[in-house]
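Participant: My file is run-v4.cif. It has mmCIF, C-alpha atoms:
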```cif
data_work
loop_
_atom_site.label_atom_id
_atom_site.label_comp_id
_atom_site.auth_asym_id
_atom_site.auth_seq_id
_atom_site.Cartn_x
_atom_site.Cartn_y
_atom_site.Cartn_z
CA MET N 1 -20.81 -20.38 13.47
CA ILE N 2 -19.63 -17.71 15.85
CA ASN N 3 -19.85 -14.17 14.51
CA THR N 4 -16.42 -12.63 15.04
CA ASN N 5 -14.27 -9.83 13.71
CA VAL N 6 -10.90 -11.39 14.55
CA PHE N 7 -9.64 -11.00 10.98
CA ASP N 8 -10.52 -7.30 10.59
CA TYR N 9 -6.95 -6.13 11.12
CA VAL N 10 -5.55 -8.96 9.00
CA ASN N 11 -7.87 -8.02 6.14
CA VAL N 12 -6.89 -4.34 6.27
CA LEU N 13 -3.20 -5.21 6.59
CA ASP N 14 -3.59 -7.56 3.62
CA LYS N 15 -5.02 -4.73 1.50
CA ALA N 16 -2.15 -2.46 2.57
CA ALA N 17 0.40 -5.16 1.70
CA ASP N 18 -1.24 -5.60 -1.72
CA ALA N 19 -0.97 -1.85 -2.29
CA SER N 20 2.67 -1.90 -1.27
CA TRP N 21 3.33 -4.79 -3.66
CA LEU N 22 1.63 -2.88 -6.46
CA ARG N 23 3.75 0.19 -5.64
CA ASN N 24 6.86 -1.99 -5.82
CA GLU N 25 5.83 -3.08 -9.32
CA ALA N 26 5.20 0.54 -10.35
CA ILE N 27 8.60 1.67 -9.06
CA SER N 28 10.32 -1.26 -10.77
CA ASN N 29 8.54 -0.32 -13.99
CA ASN N 30 9.69 3.29 -13.55
CA LEU N 31 13.29 2.14 -13.15
CA ALA N 32 13.02 -0.12 -16.18
CA ASN N 33 11.74 2.80 -18.26
CA SER N 34 14.16 5.40 -16.93
CA THR N 35 15.68 5.86 -20.40
CA THR N 36 12.43 5.63 -22.39
CA PRO N 37 11.64 8.97 -24.03
CA LEU N 38 8.34 10.57 -22.97
CA TYR N 39 7.78 7.99 -20.18
CA LYS N 40 6.10 9.42 -17.08
CA ARG N 41 6.63 7.79 -13.69
CA GLN N 42 3.76 6.00 -12.04
CA ASP N 43 2.89 5.62 -8.39
CA VAL N 44 0.17 4.06 -6.27
CA SER N 45 -2.37 5.90 -4.15
CA PHE N 46 -3.59 3.96 -1.12
CA GLU N 47 -2.68 5.58 2.18
CA ASP N 48 -5.10 8.50 1.76
CA THR N 49 -7.92 6.09 0.93
CA LEU N 50 -7.16 4.05 4.05
CA ARG N 51 -6.95 7.19 6.20
CA GLN N 52 -10.29 8.45 4.88
CA SER N 53 -11.90 5.05 5.46
CA ILE N 54 -10.72 4.96 9.06
CA MET N 55 -11.62 8.59 9.79
CA GLY N 56 -15.04 8.23 8.15
CA ALA N 57 -15.96 5.02 9.97
CA ASP N 58 -18.33 5.06 12.90
CA GLY N 59 -16.92 4.00 16.21
CA THR N 60 -15.17 5.37 19.22
CA ASN N 61 -11.98 3.32 19.06
CA LEU N 62 -9.71 1.91 16.37
CA ASP N 63 -11.10 -1.63 16.69
CA SER N 64 -14.63 -0.50 15.92
CA LYS N 65 -13.47 1.76 13.08
CA ILE N 66 -11.45 -1.06 11.48
CA SER N 67 -14.45 -3.39 11.65
CA GLU N 68 -16.56 -0.80 9.81
CA ILE N 69 -14.21 -0.43 6.83
CA ASN N 70 -15.67 -1.55 3.52
CA LEU N 71 -12.86 -3.68 2.09
CA GLN N 72 -14.37 -3.53 -1.40
CA ARG N 73 -13.74 0.22 -1.50
CA LEU N 74 -10.24 -0.09 -0.09
CA ARG N 75 -8.34 -0.41 -3.36
CA PRO N 76 -4.99 0.94 -4.46
CA THR N 77 -4.99 3.15 -7.52
CA VAL N 78 -2.13 3.45 -10.00
CA TYR N 79 -1.69 6.96 -11.35
CA THR N 80 0.76 8.85 -13.53
CA ASP N 81 2.76 11.24 -11.38
CA SER N 82 3.51 14.73 -12.67
CA ALA N 83 2.39 13.90 -16.17
CA ALA N 84 2.85 17.50 -17.29
CA SER N 85 6.38 17.95 -15.94
CA SER N 86 9.67 16.55 -17.09
CA TYR N 87 13.18 16.74 -15.69
CA ARG N 88 14.90 15.94 -18.94
CA LEU N 89 14.88 17.02 -22.56
CA ASP N 90 13.49 13.67 -23.75
CA GLY N 91 10.25 14.19 -21.77
CA ASN N 92 10.95 11.42 -19.24
CA ASN N 93 10.41 12.42 -15.59
CA VAL N 94 12.01 9.41 -13.85
CA ASP N 95 14.93 10.17 -11.54
CA VAL N 96 16.75 6.89 -10.87
CA ASP N 97 18.15 8.00 -7.50
CA THR N 98 14.73 9.11 -6.24
CA GLU N 99 13.09 5.91 -7.47
CA ASN N 100 15.69 3.83 -5.64
CA VAL N 101 14.91 5.70 -2.42
CA TYR N 102 11.18 5.11 -2.98
CA LEU N 103 11.90 1.44 -3.65
CA ALA N 104 13.88 1.04 -0.41
CA GLN N 105 11.20 2.90 1.55
CA ASN N 106 8.45 0.75 0.08
CA GLN N 107 10.33 -2.49 0.76
CA ILE N 108 10.67 -1.52 4.42
CA LYS N 109 6.97 -0.69 4.56
CA TYR N 110 6.03 -4.00 2.91
CA GLN N 111 8.19 -5.99 5.33
CA GLY N 112 6.62 -4.13 8.25
CA LEU N 113 3.13 -4.98 7.00
CA ILE N 114 4.04 -8.65 6.60
CA ASP N 115 5.49 -8.64 10.13
CA CYS N 116 2.23 -7.14 11.44
CA ILE N 117 0.15 -9.79 9.66
CA ASN N 118 2.35 -12.53 11.12
CA GLN N 119 1.99 -10.99 14.59
CA GLU N 120 -1.81 -10.98 14.25
CA PHE N 121 -1.76 -14.70 13.48
CA THR N 122 0.63 -15.32 16.38
CA ASN N 123 -1.81 -13.48 18.66
CA LEU N 124 -4.65 -15.67 17.39
CA GLN N 125 -2.61 -18.82 17.99
CA ASN N 126 -1.79 -17.68 21.53
CA ALA N 127 -5.43 -16.93 22.23
CA MET N 128 -6.44 -20.42 21.09
CA LYS N 129 -3.97 -22.14 23.43
#
```
Please go through the file and, once you have read it, give me the structure as structure tokens.

Facilitator:
Amino acid sequence: MINTNVFDYVNVLDKAADASWLRNEAISNNLANSTTPLYKRQDVSFEDTLRQSIMGADGTNLDSKISEINLQRLRPTVYTDSAASSYRLDGNNVDVDTENVYLAQNQIKYQGLIDCINQEFTNLQNAMK
């Protein structure tokens, strides 16, 4: 078997797409609970973890840094956002308009990640021809 790192970008993009999917679920849950008293919105933390992994990796270029990333540590984390604050008298801190903007933004990000994954596979197919 040939030792290769051709799937390094695909693996990282896959983790980012998983995080985006999880964020979509969190936002959908926030919207579904927008009238639930005392509910606090949830979000997903991933981009900072990815940034830290890339910046902390050895290597002089992006390819070498991506190949050094430990995928096991590259996990999205769901957290409660602004648990101590509330915008309403019932203790709920979900703003439907803001959540819809976050949802649209996340859907664009997810589609971009899927497009990047597809492009990586297209590049691999072209290289094999």

Participant: Considering all atoms listed in the file, can you say which of N:Asn70, N:Gln119, N:Ser82, N:Asn11 comes closest to N:Asp58?

Facilitator: N:Asn70

Participant: Given the file shown, determine the residues that the PyMOL selection byres ((chain N and resi 102-105) around 10) selects; report them as a PyMOL selection string.

Facilitator: chain N and resi 23-28+31+43+96-101+106-110

Participant: For N:Ala127, find every residue with an atom within 12 Å (counting all atoms listed in the file), except residues of its own chain fewer than 6 positions away, and show them as a list in words.

Facilitator: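 Once the nearby chain positions are removed, what remains is Val6, Glu120 and Phe121 of chain N.
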
Participant: Could you work out how far atom CA of N:Asn5 lies from atom CA of N:Val78, giving the answer in Å with one decimal?

Facilitator: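 According to the coordinates, atom CA of N:Val78 and atom CA of N:Asn5 are separated by 29.8 Å.
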
Participant: What does the distance from atom CA of N:Asp115 to atom CA of N:Ser64 come to in Å, to one decimal?

Facilitator: 22.5 Å

Participant: Taking all atoms listed in the file into account, name the residue in N:Ala17, N:Val10, N:Val44, N:Leu38 that is nearest to N:Ser86.

Facilitator: N:Leu38

Participant: Could you give me, as number ranges by chain, the residues within 9 Å of N:Leu13, counting all atoms listed in the file and dropping anything in the same chain fewer than 3 positions from it?

Facilitator: N: 8-10, 16-18, 113-114, 116-117

Participant: Would you mind reading off the distance between atom CA of N:Ile66 and atom CA of N:Met128, one decimal, in Å?

Facilitator: 22.2 Å

Participant: Find the smallest box with edges along x, y and z containing every listed atom of stretch 63-79 of chain N, then add 4 Å on each side and report centre and edge lengths in Å to one decimal, as JSON.

Facilitator:
```
{"center_x": -9.1, "center_y": 1.6, "center_z": 2.7, "size_x": 22.9, "size_y": 18.6, "size_z": 36.0}
```

Participant: Skipping near chain neighbours, those fewer than 5 positions away, what residues fall within 10 Å of N:Met55 using all atoms listed in the file, listed as a ChimeraX atom specification?

Facilitator: /N:49-50,62,65-66,69

Participant: May I have the residues within 12 Å of N:Leu89 as a ChimeraX atom specification, using all atoms listed in the file and disregarding those fewer than 6 positions away in the same chain?

Facilitator: /N:35-39

Participant: Of the candidates N:Ser67, N:Lys40, N:Gln111, N:Gln52, which one gets nearest to N:Ala83 if we count all atoms listed in the file?

Facilitator: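 That would be N:Lys40, the residue with the smallest distance to N:Ala83.
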
Participant: Expand the PyMOL selection byres ((chain N and resi 73) around 12) into the individual residues it matches in the shown file, reporting them as a PyMOL selection string.

Facilitator: chain N and resi 12+15+46+49-50+52-54+68-72+74-77
